Amino acid sequence: MKLHEYQAKDVFADAGIPTPASALASDVDGVVAAAEEIGYPVAIKAQVQVGGRGKAGGIELVDDEDEAREAADTILGMDLKGYHVGQVLVEEAVDFTDELYVGITMDRGAGKPVAMVSTKGGVDIEEVAEEDPDAIAQEHIDPSFGMHPYQARKAVYDAGVDSAVARDVSSVLTTLYDLWTSRDGSDAEINPLMVTADDEVIAADAVMNIDEDALFRQPELAEMEEEAASGDELEQKADEYDFDYVRLEGNTGIIGNGAGLVMTTLDLVDHYGGEPANFLDVGGGAKADRIANALDMVFSDDNVDSVVFNIFGGITRGDEVAKGINEALEQFDEIPKPVVVRLAGTNWEEGMEILNEDLVTVEQTLEDAVQRAVEYAAEVEA
Ligand code: GDP
Ligand code: MN
């Protein structure tokens, strides 16, 4: 589960990390009122759960009411990498001299959490990791002891952070680790952690992802999840339909049963040069109506150009799935996006017989099905 920036900032601020004064708004007048309260200049920031909002036009700095109205009008309602912007954070603009990166995540290779610090903040940290990995100082943490104060100082020192702010940055990093642990985080990140001319540090952005399986003991965050989900229509729909669904940024829609099988399909789409648009697991025993709902989900994603169905029958029966696919597609005068189907396992042969090949492309193997779907998607893009 991902928190919105404004939610993560609340969590960080409560723990004592400095954040700019800010207020949430969902219409132009609300933005102006908030800006007046905070005082110009302000940053107007789209509240959608994707990185790189700045580059994509989702963040604007404004100096007066006219600019605020114009920016609010542009950003509110815009489509940002497939996400509808319904809310913006209006925030005191920070006058900065440096942009740092601090983050905590799980290093699965090392089997330990890792604290990271870099003076190359403000840009995508994955890019820094690829082009200049030495620019990210790392310190692995033994979770049974927690992060020792010297570890925070060492990471900050190794990263080459200016000594004038080293103590404050270490303290932010320590707090971030404590939050990561106590709030069951999977990632906690501040990028950029801005440094001002008078050597203050302030979290200009905030990312906090929570382990969903721990939400039962994080009631406050579980409440935030409901609020967070309401930002994205598709994720909301997935909740209603009770699907495990994750929206991604590609254009090949994926439907499968069982998390492992869906992950495999994602990897294969990537392998054949495509880009997955989503993870969608319809679960076991998928009856016709669930199949129809799954198709409705991927069809309503504007990014999707083709769909691959990958079903392995166990409890789920191939003939049931095939009926569901036919029924769902028969409702359309024109199929919105090409659908490729691969069935295996229980009753797969009956399923293949039932599938209406005027409506879908049937493939025998997983590899062929994925390749075909990737080809269809590429044709649409071309
Ligand atoms: P992201 O692109 O989605 O990660 O959004 P961020 O909140 O990290 O903002 C991206 C960039 O916008 C930052 O690195 C800054 O360069 C700029 N920015 C964001 N907030 C402010 C602000 O208050 N003042 C100034 N001057 N720039 C800002
Ligand atoms: Mn950022």
# chains A, B, ... in the order shown; residues from 1 in each chain; ligands from 1
call {"tool": "select_by_dssp", "arguments": {"residues": "segment 50-221 of chain A", "states": "helix (DSSP H, G or I)", "output": "JSON, numbers by chain"}}
result
{"A": [65, 66, 67, 68, 69, 70, 71, 72, 73, 74, 75, 125, 126, 127, 128, 129, 130, 131, 133, 134, 135, 149, 150, 151, 152, 153, 154, 155, 156, 157, 158, 159, 163, 164, 165, 166, 167, 168, 169, 170, 171, 172, 173, 174, 175, 176, 177, 178, 179, 180, 181, 182, 212, 213, 214, 215, 216, 217, 219, 220, 221]}
call {"tool": "residues_near_ligand", "arguments": {"ligand": "ligand 1", "cutoff": "7 Å", "atoms": "only C-alpha atoms and all ligand atoms", "output": "list of chain:residue names"}}
result
A:Val42, A:Ala43, A:Val50, A:Gly51, A:Gly52, A:Arg53, A:Gly54, A:Lys55, A:Ile59, A:Leu61, A:Glu91, A:Glu92, A:Ala93, A:Val94, A:Asp95, A:Phe96, A:Glu99, A:Gly122, A:Val123, A:Asn191, A:Pro192, A:Ala204, A:Asp205
call {"tool": "residues_around", "arguments": {"residues": "Glu353 of chain A", "least_positions_apart": "6", "cutoff": "12 Å", "atoms": "only C-alpha atoms", "output": "PyMOL selection string"}}
result
chain A and resi 318-323+326+343+347+362
call {"tool": "write_last_selection", "arguments": {"atoms": "all heavy atoms", "output": "PDB file, in the first residue's frame"}}
result
ATOM      1  N   GLY A 318     -11.414 -24.463 -17.005  1.00  0.00           N
ATOM      2  CA  GLY A 318     -11.201 -23.816 -18.296  1.00  0.00           C
ATOM      3  C   GLY A 318     -12.490 -23.491 -19.022  1.00  0.00           C
ATOM      4  O   GLY A 318     -12.609 -22.424 -19.638  1.00  0.00           O
ATOM      5  N   ASP A 319     -13.490 -24.382 -18.951  1.00  0.00           N
ATOM      6  CA  ASP A 319     -14.738 -24.125 -19.678  1.00  0.00           C
ATOM      7  C   ASP A 319     -15.504 -22.955 -19.062  1.00  0.00           C
ATOM      8  O   ASP A 319     -16.111 -22.148 -19.771  1.00  0.00           O
ATOM      9  CB  ASP A 319     -15.607 -25.388 -19.754  1.00  0.00           C
ATOM     10  CG  ASP A 319     -15.842 -26.011 -18.385  1.00  0.00           C
ATOM     11  OD1 ASP A 319     -14.961 -25.908 -17.511  1.00  0.00           O
ATOM     12  OD2 ASP A 319     -16.917 -26.615 -18.188  1.00  0.00           O
ATOM     13  N   GLU A 320     -15.465 -22.843 -17.724  1.00  0.00           N
ATOM     14  CA  GLU A 320     -16.105 -21.712 -17.040  1.00  0.00           C
ATOM     15  C   GLU A 320     -15.487 -20.397 -17.488  1.00  0.00           C
ATOM     16  O   GLU A 320     -16.171 -19.421 -17.784  1.00  0.00           O
ATOM     17  CB  GLU A 320     -15.882 -21.824 -15.512  1.00  0.00           C
ATOM     18  CG  GLU A 320     -16.916 -22.628 -14.778  1.00  0.00           C
ATOM     19  CD  GLU A 320     -18.185 -21.821 -14.505  1.00  0.00           C
ATOM     20  OE1 GLU A 320     -18.178 -20.588 -14.751  1.00  0.00           O
ATOM     21  OE2 GLU A 320     -19.168 -22.428 -14.065  1.00  0.00           O
ATOM     22  N   VAL A 321     -14.158 -20.396 -17.500  1.00  0.00           N
ATOM     23  CA  VAL A 321     -13.427 -19.189 -17.886  1.00  0.00           C
ATOM     24  C   VAL A 321     -13.769 -18.816 -19.322  1.00  0.00           C
ATOM     25  O   VAL A 321     -14.067 -17.655 -19.634  1.00  0.00           O
ATOM     26  CB  VAL A 321     -11.904 -19.397 -17.729  1.00  0.00           C
ATOM     27  CG1 VAL A 321     -11.124 -18.233 -18.325  1.00  0.00           C
ATOM     28  CG2 VAL A 321     -11.555 -19.586 -16.250  1.00  0.00           C
ATOM     29  N   ALA A 322     -13.772 -19.828 -20.206  1.00  0.00           N
ATOM     30  CA  ALA A 322     -14.060 -19.579 -21.616  1.00  0.00           C
ATOM     31  C   ALA A 322     -15.464 -18.992 -21.779  1.00  0.00           C
ATOM     32  O   ALA A 322     -15.670 -18.033 -22.533  1.00  0.00           O
ATOM     33  CB  ALA A 322     -13.930 -20.871 -22.414  1.00  0.00           C
ATOM     34  N   LYS A 323     -16.431 -19.544 -21.030  1.00  0.00           N
ATOM     35  CA  LYS A 323     -17.798 -19.008 -21.092  1.00  0.00           C
ATOM     36  C   LYS A 323     -17.816 -17.556 -20.639  1.00  0.00           C
ATOM     37  O   LYS A 323     -18.475 -16.710 -21.240  1.00  0.00           O
ATOM     38  CB  LYS A 323     -18.733 -19.823 -20.176  1.00  0.00           C
ATOM     39  CG  LYS A 323     -19.507 -20.892 -20.916  1.00  0.00           C
ATOM     40  CD  LYS A 323     -20.541 -21.506 -19.985  1.00  0.00           C
ATOM     41  CE  LYS A 323     -20.354 -23.023 -19.953  1.00  0.00           C
ATOM     42  NZ  LYS A 323     -20.877 -23.653 -18.742  1.00  0.00           N
ATOM     43  N   ASN A 326     -16.380 -15.297 -23.368  1.00  0.00           N
ATOM     44  CA  ASN A 326     -17.361 -15.116 -24.451  1.00  0.00           C
ATOM     45  C   ASN A 326     -18.468 -14.149 -24.037  1.00  0.00           C
ATOM     46  O   ASN A 326     -18.777 -13.197 -24.745  1.00  0.00           O
ATOM     47  CB  ASN A 326     -17.999 -16.449 -24.838  1.00  0.00           C
ATOM     48  CG  ASN A 326     -17.066 -17.303 -25.691  1.00  0.00           C
ATOM     49  OD1 ASN A 326     -15.998 -16.844 -26.104  1.00  0.00           O
ATOM     50  ND2 ASN A 326     -17.466 -18.536 -25.929  1.00  0.00           N
ATOM     51  N   LEU A 343      -5.262 -21.171 -22.198  1.00  0.00           N
ATOM     52  CA  LEU A 343      -5.831 -21.961 -21.109  1.00  0.00           C
ATOM     53  C   LEU A 343      -4.999 -23.220 -20.908  1.00  0.00           C
ATOM     54  O   LEU A 343      -4.569 -23.843 -21.872  1.00  0.00           O
ATOM     55  CB  LEU A 343      -7.259 -22.394 -21.447  1.00  0.00           C
ATOM     56  CG  LEU A 343      -8.319 -21.316 -21.646  1.00  0.00           C
ATOM     57  CD1 LEU A 343      -9.628 -21.959 -22.104  1.00  0.00           C
ATOM     58  CD2 LEU A 343      -8.538 -20.536 -20.361  1.00  0.00           C
ATOM     59  N   ASN A 347      -9.983 -28.916 -17.668  1.00  0.00           N
ATOM     60  CA  ASN A 347     -10.941 -28.625 -18.753  1.00  0.00           C
ATOM     61  C   ASN A 347     -10.425 -27.614 -19.773  1.00  0.00           C
ATOM     62  O   ASN A 347     -11.197 -26.840 -20.331  1.00  0.00           O
ATOM     63  CB  ASN A 347     -12.284 -28.122 -18.181  1.00  0.00           C
ATOM     64  CG  ASN A 347     -13.035 -29.230 -17.470  1.00  0.00           C
ATOM     65  OD1 ASN A 347     -12.507 -30.334 -17.284  1.00  0.00           O
ATOM     66  ND2 ASN A 347     -14.257 -28.950 -17.064  1.00  0.00           N
ATOM     67  N   VAL A 362      -6.744 -17.274 -29.797  1.00  0.00           N
ATOM     68  CA  VAL A 362      -6.414 -18.366 -28.892  1.00  0.00           C
ATOM     69  C   VAL A 362      -5.002 -18.858 -29.197  1.00  0.00           C
ATOM     70  O   VAL A 362      -4.649 -19.054 -30.366  1.00  0.00           O
ATOM     71  CB  VAL A 362      -7.418 -19.519 -29.046  1.00  0.00           C
ATOM     72  CG1 VAL A 362      -7.043 -20.688 -28.133  1.00  0.00           C
ATOM     73  CG2 VAL A 362      -8.831 -19.043 -28.735  1.00  0.00           C
TER      74      VAL A 362
END
call {"tool": "closest_residue", "arguments": {"among": "A:Ala135, A:Leu76, A:Met147, A:Leu173", "to": "Lys112 of chain A", "atoms": "only C-alpha atoms"}}
result
A:Met147
call {"tool": "residues_around", "arguments": {"residues": "Met194 of chain A", "least_positions_apart": "4", "cutoff": "12 Å", "atoms": "only C-alpha atoms", "output": "PyMOL selection string"}}
result
chain A and resi 18-20+93-102+118-122+161+165+168-169+172+190+198-206
call {"tool": "closest_residue", "arguments": {"among": "A:Asp296, A:Glu70, A:Glu227, A:Asp79", "to": "Gly57 of chain A", "atoms": "only C-alpha atoms"}}
result
A:Asp79
call {"tool": "residues_around", "arguments": {"residues": "segment 177-183 of chain A", "least_positions_apart": "2", "cutoff": "10 Å", "atoms": "only C-alpha atoms", "output": "PyMOL selection string"}}
result
chain A and resi 11-12+15+103-106+113-115+141+143+146-147+152+171-175+185-189+208-211+214-215+217-218+220-221
call {"tool": "write_last_selection", "arguments": {"atoms": "N, CA, C and O atoms", "output": "compact mmCIF listing (two decimals), in the first residue's frame"}}
result
# COMPACT_ATOMS: atom_id res chain seq x y z
N VAL A 11 2.65 11.75 8.41
CA VAL A 11 3.31 10.73 9.24
C VAL A 11 4.73 11.20 9.60
O VAL A 11 5.15 11.11 10.76
N PHE A 12 5.46 11.72 8.63
CA PHE A 12 6.83 12.18 8.88
C PHE A 12 6.83 13.36 9.86
O PHE A 12 7.65 13.42 10.78
N ALA A 15 6.39 12.60 13.41
CA ALA A 15 7.57 11.98 14.02
C ALA A 15 8.70 13.00 14.20
O ALA A 15 9.76 12.65 14.69
N GLY A 103 16.68 7.46 2.17
CA GLY A 103 15.65 6.44 2.04
C GLY A 103 15.99 5.18 2.81
O GLY A 103 17.17 4.91 3.09
N ILE A 104 14.95 4.44 3.16
CA ILE A 104 15.12 3.13 3.80
C ILE A 104 14.32 2.13 2.99
O ILE A 104 13.15 2.38 2.66
N THR A 105 14.94 1.02 2.65
CA THR A 105 14.17 -0.03 1.99
C THR A 105 14.74 -1.39 2.41
O THR A 105 15.73 -1.45 3.13
N MET A 106 14.07 -2.45 1.98
CA MET A 106 14.57 -3.78 2.29
C MET A 106 15.52 -4.21 1.18
O MET A 106 15.15 -4.19 0.02
N PRO A 113 17.37 -4.56 6.09
CA PRO A 113 17.06 -3.21 5.62
C PRO A 113 18.33 -2.43 5.34
O PRO A 113 19.38 -2.70 5.94
N VAL A 114 18.22 -1.46 4.44
CA VAL A 114 19.37 -0.64 4.10
C VAL A 114 18.96 0.83 4.13
O VAL A 114 17.87 1.19 3.67
N ALA A 115 19.84 1.62 4.74
CA ALA A 115 19.64 3.07 4.75
C ALA A 115 20.49 3.66 3.64
O ALA A 115 21.64 3.25 3.45
N ILE A 141 21.38 -2.49 8.04
CA ILE A 141 20.98 -2.40 9.45
C ILE A 141 20.55 -3.77 9.95
O ILE A 141 19.83 -4.48 9.25
N PRO A 143 18.13 -5.61 11.98
CA PRO A 143 16.85 -5.19 12.55
C PRO A 143 16.70 -5.51 14.04
O PRO A 143 15.91 -4.87 14.73
N GLY A 146 18.37 -2.40 15.46
CA GLY A 146 17.96 -1.09 14.96
C GLY A 146 19.15 -0.34 14.41
O GLY A 146 20.27 -0.86 14.40
N MET A 147 18.92 0.87 13.95
CA MET A 147 20.02 1.64 13.37
C MET A 147 20.79 2.35 14.49
O MET A 147 20.24 3.17 15.23
N ALA A 152 23.97 6.02 11.09
CA ALA A 152 23.34 7.15 10.40
C ALA A 152 24.43 8.18 10.05
O ALA A 152 24.50 8.67 8.93
N SER A 171 19.80 12.84 11.81
CA SER A 171 18.62 12.73 12.67
C SER A 171 17.38 12.39 11.84
O SER A 171 16.55 11.57 12.25
N VAL A 172 17.25 12.99 10.64
CA VAL A 172 16.13 12.65 9.76
C VAL A 172 16.20 11.17 9.37
O VAL A 172 15.19 10.45 9.39
N LEU A 173 17.41 10.72 9.05
CA LEU A 173 17.58 9.32 8.63
C LEU A 173 17.20 8.36 9.76
O LEU A 173 16.54 7.34 9.53
N THR A 174 17.61 8.69 10.98
CA THR A 174 17.28 7.85 12.13
C THR A 174 15.77 7.80 12.33
O THR A 174 15.18 6.72 12.54
N THR A 175 15.14 8.95 12.26
CA THR A 175 13.68 9.00 12.41
C THR A 175 12.99 8.18 11.31
O THR A 175 12.02 7.46 11.57
N GLY A 185 6.81 -0.26 7.36
CA GLY A 185 7.08 0.25 6.02
C GLY A 185 7.77 -0.79 5.15
O GLY A 185 8.48 -1.68 5.65
N SER A 186 7.56 -0.70 3.84
CA SER A 186 8.40 -1.46 2.92
C SER A 186 9.40 -0.50 2.28
O SER A 186 10.54 -0.88 2.00
N ASP A 187 8.99 0.74 2.04
CA ASP A 187 9.91 1.80 1.61
C ASP A 187 9.54 3.09 2.33
O ASP A 187 8.37 3.37 2.51
N ALA A 188 10.56 3.83 2.72
CA ALA A 188 10.34 5.18 3.24
C ALA A 188 11.42 6.03 2.59
O ALA A 188 12.58 5.66 2.58
N GLU A 189 11.00 7.16 2.02
CA GLU A 189 11.94 7.89 1.17
C GLU A 189 11.63 9.39 1.19
O GLU A 189 10.47 9.78 1.16
N MET A 208 6.00 6.83 1.35
CA MET A 208 5.93 5.82 2.40
C MET A 208 5.04 4.69 1.88
O MET A 208 3.86 4.91 1.59
N ASN A 209 5.63 3.53 1.70
CA ASN A 209 4.86 2.34 1.31
C ASN A 209 4.79 1.40 2.49
O ASN A 209 5.77 1.20 3.19
N ILE A 210 3.60 0.84 2.70
CA ILE A 210 3.36 0.03 3.89
C ILE A 210 3.10 -1.41 3.48
O ILE A 210 2.43 -1.68 2.49
N ASP A 211 3.64 -2.33 4.24
CA ASP A 211 3.35 -3.75 4.05
C ASP A 211 1.86 -4.00 4.34
O ASP A 211 1.41 -3.85 5.48
N ALA A 214 0.42 -5.98 7.23
CA ALA A 214 0.56 -5.48 8.59
C ALA A 214 -0.52 -4.45 8.93
O ALA A 214 -0.54 -3.93 10.04
N LEU A 215 -1.42 -4.19 7.98
CA LEU A 215 -2.39 -3.11 8.21
C LEU A 215 -3.29 -3.39 9.41
O LEU A 215 -3.80 -2.46 10.02
N ARG A 217 -2.48 -4.11 12.25
CA ARG A 217 -1.94 -3.50 13.47
C ARG A 217 -1.52 -2.04 13.24
O ARG A 217 -0.78 -1.47 14.04
N GLN A 218 -1.98 -1.50 12.12
CA GLN A 218 -1.72 -0.09 11.82
C GLN A 218 -3.05 0.58 11.46
O GLN A 218 -3.24 1.03 10.32
N GLU A 220 -4.43 3.40 11.94
CA GLU A 220 -4.39 4.76 11.40
C GLU A 220 -4.06 4.75 9.92
O GLU A 220 -4.62 5.50 9.14
N LEU A 221 -3.09 3.89 9.59
CA LEU A 221 -2.65 3.81 8.20
C LEU A 221 -3.71 3.12 7.35
O LEU A 221 -3.90 3.45 6.18
call {"tool": "closest_residue", "arguments": {"among": "A:Gly16, A:Leu193, A:Pro41, A:Ala222", "to": "ligand 2", "atoms": "only C-alpha atoms and all ligand atoms"}}
result
A:Leu193
call {"tool": "residues_around", "arguments": {"residues": "segment 234-249 of chain A", "least_positions_apart": "3", "cutoff": "7 Å", "atoms": "only C-alpha atoms", "output": "list in words"}}
result
Ala229, Ser230, Pro276, Ala277, Asn278, Phe279, Leu280, Asp281, Val282, Asn293 and Met297 of chain A
